[in-house]
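Enquirer: The structure's right below; bear with me while I get my questions together.
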Amino acid sequence: MPEFPIDRAIALLEKEVASYQVPVVDLIAAQSRDPFQILVATILSARTRDEVTASACRRLFKEAATPEALASLSLARIEKLIQPVGFFRNKARFLAELPGALNRQFGGRIPDEVDDLITLPGVGRKTANLVRAVAFGKPAICVDTHVHRIMNIWGYVTTDTPLQTEMVLRAKLPSQYWLSINSILVAFGQGTCKPVRPHCDRCVLFSICPQTGVVPRKLPKNISNNEQQRKKQETTMKLVSWNVNGLRAALDKGFLDAFHELDADVFALQEIKALPDQLPDKVVHIEGYASYWYPAQKKGYSGTAVYTRRQPLQVLYGLDLPEFDREGRVLTLEYDDFYLVNIYFPNAQPELKRIDFRMEFNRAVMHFMDRLAEKKSVVACGDFNVAHKPNDLANPKANERNPGYSPQERSWMDEVTGAGYVDTFRKFNQEPGRYTWWSYRFNARGKNIGWRIDYFLVDPASEDRVKGAAIHDEILGSDHCPISLEFI
Ligand code: SF4
């Protein structure tokens, strides 16, 4: 195979990305050449959407634009200022330690060597390279997932990890591109050569790109509006999630009617409270669907299941962590272009008795989703057992310390969305009063005194694939109602 024409590609991309959104770290650099601010922005930007990082930087730099000013802030104040960037607690701790480390090790200045930078709290190799290149204009190649991925698509490198890519690029990429390659490919990777279904149909590199391992997005060509509509319906999948609070009980309350009425391609259930052999055959085997079951070891408790029209490539039972897996809480179906992760999050229990277990579970799930998202799109659904914002429950003030709305649980949701996972219902609807769970007591459902605790989330790179999201609060049969997602 001929060598990929790197000079031509970069020349074309420099023109192409000039009109794209500038990656946040370059934006900060354009506003201030201050290495300290660039270092802080780079630490904050990891696993966080650019717009979230940009506003966190604005708030933080208003109070702490220098290491000395940062040293005067308490940890709690830093946390408050940078929230909701991904993993804001860890990052706040790193920032609180940063002025001391700079003083002790480097006389208060920001070092410009990668080996020095990586000794600072919260600074890995990628961050160090980026700071060296952006803040000091020194030769460094910052290889993040976009650079690693796109270089492999081009066949310019054939590597398994970003570190290997960095080493190969150091040997072969002409040095004039070292400083700019990261910002060019981050912008290009976010705007056109996306991790999932890249937009090859409008790509300036289409004629020279070998598209190694790529499945491009498909566009209908020269077809009428009706045909377009039909095609859209054919390719859009409908996914439903429902905590049935006991499938045997739900059966008596019209589960099968609701199932057929919703007419979903994938139907994910939580809290089934039953083994498949305790259920009638008409429920276990519904015509047109394959079904997968993951009951808890304890009878009549927890458990998840998925019905699917599309054949999955594989099914993953649990997280490989026995303390959670014995409760049958996570059931994952891998399809050719996405993972469906069906989750039943533990309840923190009155007086938050089970909050530690719950938070451990949250962290394990997040780690699991992140690992899957490195490979393809992730759709995570289920009963998350937490209302995220005040407009997600009827009585936020009265429930501030209660399970399902405790500060710890809400902070975790901040971390998830701060890391870029998209709460798909809120993408389309900001109304209060849209709930998915109501207590059986005090006619709460009749009075709509409820909570929105069931979600469809998608990973940051897959937001474009979300075409609709809904809450089906007209459907009875459980104390939760079904929710749905339209996904292409
Ligand atoms: S043709 Fe497709 S795969 Fe190749 S660089 Fe362009 S968007 Fe990426």
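Every chain in the structure tokens takes a letter, A first, then B, and so on in the order presented; its residues are numbered from 1, and the ligands are numbered from 1 following the presented order.
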Region 48-50 of chain A: which residues within 9 Å, counting only C-alpha atoms, same-chain residues fewer than 3 positions away excluded, as a short mmCIF file (atom, residue, chain, number, x, y, z; two decimals) with N, CA and C atoms, in the first residue's frame?
Expert:
data_model
loop_
_atom_site.label_atom_id
_atom_site.label_comp_id
_atom_site.auth_asym_id
_atom_site.auth_seq_id
_atom_site.Cartn_x
_atom_site.Cartn_y
_atom_site.Cartn_z
N PRO A 23 -10.71 23.64 19.76
CA PRO A 23 -10.63 22.87 21.00
C PRO A 23 -10.33 23.80 22.18
N VAL A 24 -10.91 23.47 23.33
CA VAL A 24 -10.91 24.43 24.44
C VAL A 24 -9.53 24.85 24.90
N VAL A 25 -8.57 23.93 24.88
CA VAL A 25 -7.25 24.28 25.39
C VAL A 25 -6.59 25.31 24.48
N LEU A 44 -8.41 20.17 33.57
CA LEU A 44 -9.88 20.15 33.67
C LEU A 44 -10.54 19.52 32.44
N SER A 45 -9.87 19.59 31.30
CA SER A 45 -10.53 19.18 30.05
C SER A 45 -10.63 17.67 29.88
N THR A 53 -15.76 22.57 30.17
CA THR A 53 -14.42 22.98 30.59
C THR A 53 -14.27 24.50 30.50
N ALA A 54 -14.75 25.07 29.39
CA ALA A 54 -14.58 26.51 29.19
C ALA A 54 -15.26 27.30 30.29
N SER A 55 -16.50 26.92 30.68
CA SER A 55 -17.15 27.72 31.72
C SER A 55 -16.52 27.46 33.09
N PRO A 84 -19.51 21.21 36.87
CA PRO A 84 -19.55 19.76 36.88
C PRO A 84 -18.54 19.11 35.92
N VAL A 85 -17.31 19.55 35.85
CA VAL A 85 -16.38 18.84 34.95
C VAL A 85 -16.27 17.39 35.42
N GLY A 86 -15.93 16.50 34.52
CA GLY A 86 -15.83 15.08 34.86
C GLY A 86 -14.82 14.88 35.99
N PHE A 87 -15.19 14.05 36.97
CA PHE A 87 -14.31 13.71 38.09
C PHE A 87 -13.80 14.97 38.81
N THR A 417 -22.59 13.37 33.59
CA THR A 417 -22.94 14.31 32.51
C THR A 417 -21.76 15.24 32.22
N GLY A 418 -20.98 15.56 33.26
CA GLY A 418 -19.79 16.38 33.05
C GLY A 418 -18.79 15.68 32.15
N ALA A 419 -18.76 14.35 32.24
CA ALA A 419 -17.86 13.59 31.36
C ALA A 419 -18.42 13.49 29.95
N GLY A 420 -19.60 14.06 29.73
CA GLY A 420 -20.12 14.14 28.37
C GLY A 420 -21.26 13.18 28.06
N PRO A 460 -20.57 10.45 24.93
CA PRO A 460 -20.44 11.78 24.32
C PRO A 460 -20.34 11.75 22.80
#
Enquirer: Could the residues that lie within 7 Å of ligand 1, counting only C-alpha atoms and all ligand atoms, be listed as a PyMOL selection string?
Expert: chain A and resi 150+153-154+192-194+198-200+203-206+209-211+214+216
Enquirer: Interatomic distance between CA of Glu360 (chain A) and CA of Lys397 (chain A)?
Expert: 26.1 Å
Enquirer: Which residues come within 12 Å of Glu415 (chain A), counting only C-alpha atoms, excluding same-chain residues fewer than 3 positions away, as a PyMOL selection string?
Expert: chain A and resi 46-49+52+79+82-91+362-363+366+388+408-412+418-422
Enquirer: Can I get the selection written as a PDB file, in the first residue's frame, with C-alpha atoms?
Expert:
ATOM      1  CA  ALA A  46      -9.889  15.442  30.497  1.00  0.00           C
ATOM      2  CA  ARG A  47     -13.095  13.474  29.904  1.00  0.00           C
ATOM      3  CA  THR A  48     -15.178  16.653  29.830  1.00  0.00           C
ATOM      4  CA  ARG A  49     -17.033  18.421  27.063  1.00  0.00           C
ATOM      5  CA  VAL A  52     -18.198  22.535  30.297  1.00  0.00           C
ATOM      6  CA  GLU A  79     -14.803  21.842  43.837  1.00  0.00           C
ATOM      7  CA  ILE A  82     -15.092  23.587  38.656  1.00  0.00           C
ATOM      8  CA  GLN A  83     -18.235  21.508  39.040  1.00  0.00           C
ATOM      9  CA  PRO A  84     -19.547  19.761  36.882  1.00  0.00           C
ATOM     10  CA  VAL A  85     -16.383  18.837  34.952  1.00  0.00           C
ATOM     11  CA  GLY A  86     -15.825  15.079  34.863  1.00  0.00           C
ATOM     12  CA  PHE A  87     -14.306  13.714  38.089  1.00  0.00           C
ATOM     13  CA  PHE A  88     -14.359  17.192  39.596  1.00  0.00           C
ATOM     14  CA  ARG A  89     -13.500  15.915  43.084  1.00  0.00           C
ATOM     15  CA  ASN A  90     -10.270  14.278  41.931  1.00  0.00           C
ATOM     16  CA  LYS A  91      -9.412  17.251  39.763  1.00  0.00           C
ATOM     17  CA  ASN A 362     -21.853   3.704  40.453  1.00  0.00           C
ATOM     18  CA  ARG A 363     -18.085   3.904  40.060  1.00  0.00           C
ATOM     19  CA  MET A 366     -18.992   4.263  34.999  1.00  0.00           C
ATOM     20  CA  HIS A 388     -30.447  14.581  39.031  1.00  0.00           C
ATOM     21  CA  GLN A 408     -23.504  12.144  46.884  1.00  0.00           C
ATOM     22  CA  GLU A 409     -25.857  10.615  44.334  1.00  0.00           C
ATOM     23  CA  ARG A 410     -26.478  13.933  42.570  1.00  0.00           C
ATOM     24  CA  SER A 411     -22.740  14.641  42.429  1.00  0.00           C
ATOM     25  CA  TRP A 412     -22.211  11.342  40.709  1.00  0.00           C
ATOM     26  CA  GLY A 418     -19.791  16.380  33.046  1.00  0.00           C
ATOM     27  CA  ALA A 419     -17.858  13.593  31.364  1.00  0.00           C
ATOM     28  CA  GLY A 420     -20.116  14.140  28.368  1.00  0.00           C
ATOM     29  CA  TYR A 421     -22.733  11.384  28.724  1.00  0.00           C
ATOM     30  CA  VAL A 422     -25.995  12.769  27.401  1.00  0.00           C
TER      31      VAL A 422
END
Enquirer: Using backbone DSSP assignments, extract all strand (DSSP E) residues from region 30-252 of chain A; output them as a PyMOL selection string.
Expert: chain A and resi 237-243
Enquirer: As a ChimeraX atom specification, please: every residue in region 285-372 of chain A that DSSP puts in helix (DSSP H, G or I).
Expert: /A:322-325,350-352,355-372
Enquirer: Give me the residues of region 104-137 of chain A that have any atom at most 10 Å from an atom of region 92-96 of chain A; for each, the nearest atom pair and the distance in Å, rounded to one decimal. Use only C-alpha atoms, sort by chain and number, and format it as a tab-separated table.
Expert:
residue	atom	partner	partner_atom	distance
A:Leu120	CA	A:Phe94	CA	8.5
A:Pro121	CA	A:Phe94	CA	5.1
A:Gly122	CA	A:Phe94	CA	5.4
A:Val123	CA	A:Phe94	CA	8.8
Enquirer: Could you list, as a ChimeraX atom specification, every residue within 8 Å of region 382-385 of chain A, counting only C-alpha atoms and ignoring same-chain residues fewer than 6 positions away?
Expert: /A:241-243,268-270,342-347,404,453-456
Enquirer: Write the selection just made, keeping N, CA and C atoms, as a tab-separated table (two decimals), in the first residue's frame?
Expert:
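Saved as again-v1.tsv:
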chain	number	residue	atom	x	y	z
A	241	SER	N	-37.01	1.16	28.01
A	241	SER	CA	-36.52	0.70	29.31
A	241	SER	C	-37.66	0.82	30.31
A	242	TRP	N	-37.80	-0.19	31.16
A	242	TRP	CA	-38.91	-0.15	32.11
A	242	TRP	C	-38.55	-0.95	33.36
A	243	ASN	N	-38.63	-0.30	34.51
A	243	ASN	CA	-38.55	-1.03	35.78
A	243	ASN	C	-39.96	-1.52	36.06
A	268	ALA	N	-35.72	-3.27	27.45
A	268	ALA	CA	-34.87	-3.61	28.60
A	268	ALA	C	-35.69	-3.50	29.88
A	269	LEU	N	-35.65	-4.54	30.69
A	269	LEU	CA	-36.43	-4.54	31.93
A	269	LEU	C	-35.51	-4.56	33.14
A	270	GLN	N	-35.94	-3.89	34.20
A	270	GLN	CA	-35.24	-3.98	35.47
A	270	GLN	C	-36.21	-4.46	36.55
A	342	ASN	N	-27.99	-2.37	30.16
A	342	ASN	CA	-29.23	-2.29	30.92
A	342	ASN	C	-28.88	-2.40	32.41
A	343	ILE	N	-29.23	-1.37	33.18
A	343	ILE	CA	-28.71	-1.29	34.56
A	343	ILE	C	-29.85	-1.06	35.56
A	344	TYR	N	-29.79	-1.80	36.65
A	344	TYR	CA	-30.67	-1.52	37.78
A	344	TYR	C	-29.78	-1.09	38.95
A	345	PHE	N	-29.74	0.22	39.19
A	345	PHE	CA	-28.86	0.75	40.23
A	345	PHE	C	-29.44	0.45	41.61
A	346	PRO	N	-28.59	0.13	42.59
A	346	PRO	CA	-29.11	-0.14	43.94
A	346	PRO	C	-29.69	1.13	44.56
A	347	ASN	N	-30.69	0.94	45.41
A	347	ASN	CA	-31.25	2.05	46.16
A	347	ASN	C	-30.34	2.31	47.37
A	404	GLY	N	-31.80	8.75	46.76
A	404	GLY	CA	-32.31	9.08	45.43
A	404	GLY	C	-32.14	10.55	45.11
A	453	ILE	N	-36.28	9.17	37.61
A	453	ILE	CA	-35.09	8.42	38.03
A	453	ILE	C	-34.70	7.34	37.01
A	454	ASP	N	-35.43	7.25	35.90
A	454	ASP	CA	-35.10	6.29	34.84
A	454	ASP	C	-34.54	7.08	33.66
A	455	TYR	N	-33.47	6.57	33.07
A	455	TYR	CA	-32.77	7.35	32.05
A	455	TYR	C	-32.32	6.49	30.87
A	456	PHE	N	-32.21	7.15	29.72
A	456	PHE	CA	-31.38	6.66	28.62
A	456	PHE	C	-30.23	7.64	28.49
Enquirer: With a distance cut-off of 6 Å and only C-alpha atoms, select the neighbouring residues of Cys142 (chain A), excluding the residue or stretch itself and same-chain residues fewer than 2 positions from it, and output the selection as a PyMOL selection string.
Expert: chain A and resi 126+129-130+182
Enquirer: Write a file of the just-selected residues containing N, CA and C atoms, as a PDB file, in the first residue's frame.
Expert:
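selection-v7.pdb written:
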ATOM      1  N   LYS A 126      -0.288  12.655  28.168  1.00  0.00           N
ATOM      2  CA  LYS A 126      -1.039  13.405  27.154  1.00  0.00           C
ATOM      3  C   LYS A 126      -1.111  14.893  27.545  1.00  0.00           C
ATOM      4  N   ASN A 129       2.351  16.625  27.206  1.00  0.00           N
ATOM      5  CA  ASN A 129       2.686  16.958  25.822  1.00  0.00           C
ATOM      6  C   ASN A 129       1.884  18.160  25.331  1.00  0.00           C
ATOM      7  N   LEU A 130       0.612  18.178  25.717  1.00  0.00           N
ATOM      8  CA  LEU A 130      -0.245  19.268  25.262  1.00  0.00           C
ATOM      9  C   LEU A 130       0.230  20.603  25.855  1.00  0.00           C
ATOM     10  N   ASN A 182      -2.367  17.929  17.104  1.00  0.00           N
ATOM     11  CA  ASN A 182      -3.417  17.605  18.070  1.00  0.00           C
ATOM     12  C   ASN A 182      -4.647  18.472  17.853  1.00  0.00           C
TER      13      ASN A 182
END
Enquirer: Need to verify the contact set: Ile449 (chain A), 9 Å, only C-alpha atoms, exclusion of same-chain residues closer than 3 positions in sequence. Can you return it as a list of chain:residue names?
Expert: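 Listed by chain and then number, they are A:Leu393, A:Ala394, A:Asn395, A:Gly433, A:Tyr435, A:Trp437, A:Trp438, A:Ser439, A:Asn443, A:Ala444, A:Arg445, A:Gly446.
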Enquirer: List the neighbours of Gly100 (chain A) out to 10 Å using only C-alpha atoms; skip same-chain residues closer than 5 positions along the sequence, and give me the result as number ranges by chain.
Expert: A: 67-68, 71, 95, 105-108, 120
Enquirer: State, in Å with one decimal place, the distance from CA of Gln311 (chain A) to CA of Glu486 (chain A).
Expert: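 Result for CA of Gln311 (chain A) versus CA of Glu486 (chain A): 18.0 Å, one decimal.
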Enquirer: Return the single residue from A:Tyr440, A:Tyr292, A:Phe361, A:Tyr301 that is closest to Lys273 (chain A), with distances computed using only C-alpha atoms.
Expert: A:Tyr301
Enquirer: How many Å separate CA of Asp459 (chain A) from CA of Leu333 (chain A)?
Expert: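 Interatomic distance here is 15.6 Å.
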Enquirer: Find the residue from A:Arg125, A:His285, A:Arg132, A:Arg465 that sits nearest to Ile38 (chain A); use only C-alpha atoms when measuring.
Expert: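 Using only C-alpha atoms, Ile38 (chain A) sits closest to A:Arg132.
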Enquirer: Using only C-alpha atoms, pick whichever of A:Glu3, A:Ser74, A:Ala11, A:Leu102 has the shortest atom-to-atom distance to Phe36 (chain A).
Expert: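 So, comparing all the options, the nearest one is A:Leu102.
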Enquirer: Go through A:Asp7, A:Glu63, A:Asp257, A:Asp112 one by one, measure the shortest atom-to-atom distance of each to Leu173 (chain A) using only C-alpha atoms, and give the residue with the smallest value.
Expert: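 Going through A:Asp7, A:Glu63, A:Asp257, A:Asp112 one by one, the smallest distance to Leu173 (chain A) is for A:Asp7.
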Enquirer: Find the residue from A:Ala380, A:Met237, A:Leu39, A:Leu476 that sits nearest to Ile118 (chain A); use only C-alpha atoms when measuring.
Expert: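 Under the stated criterion, the closest residue is A:Leu39.
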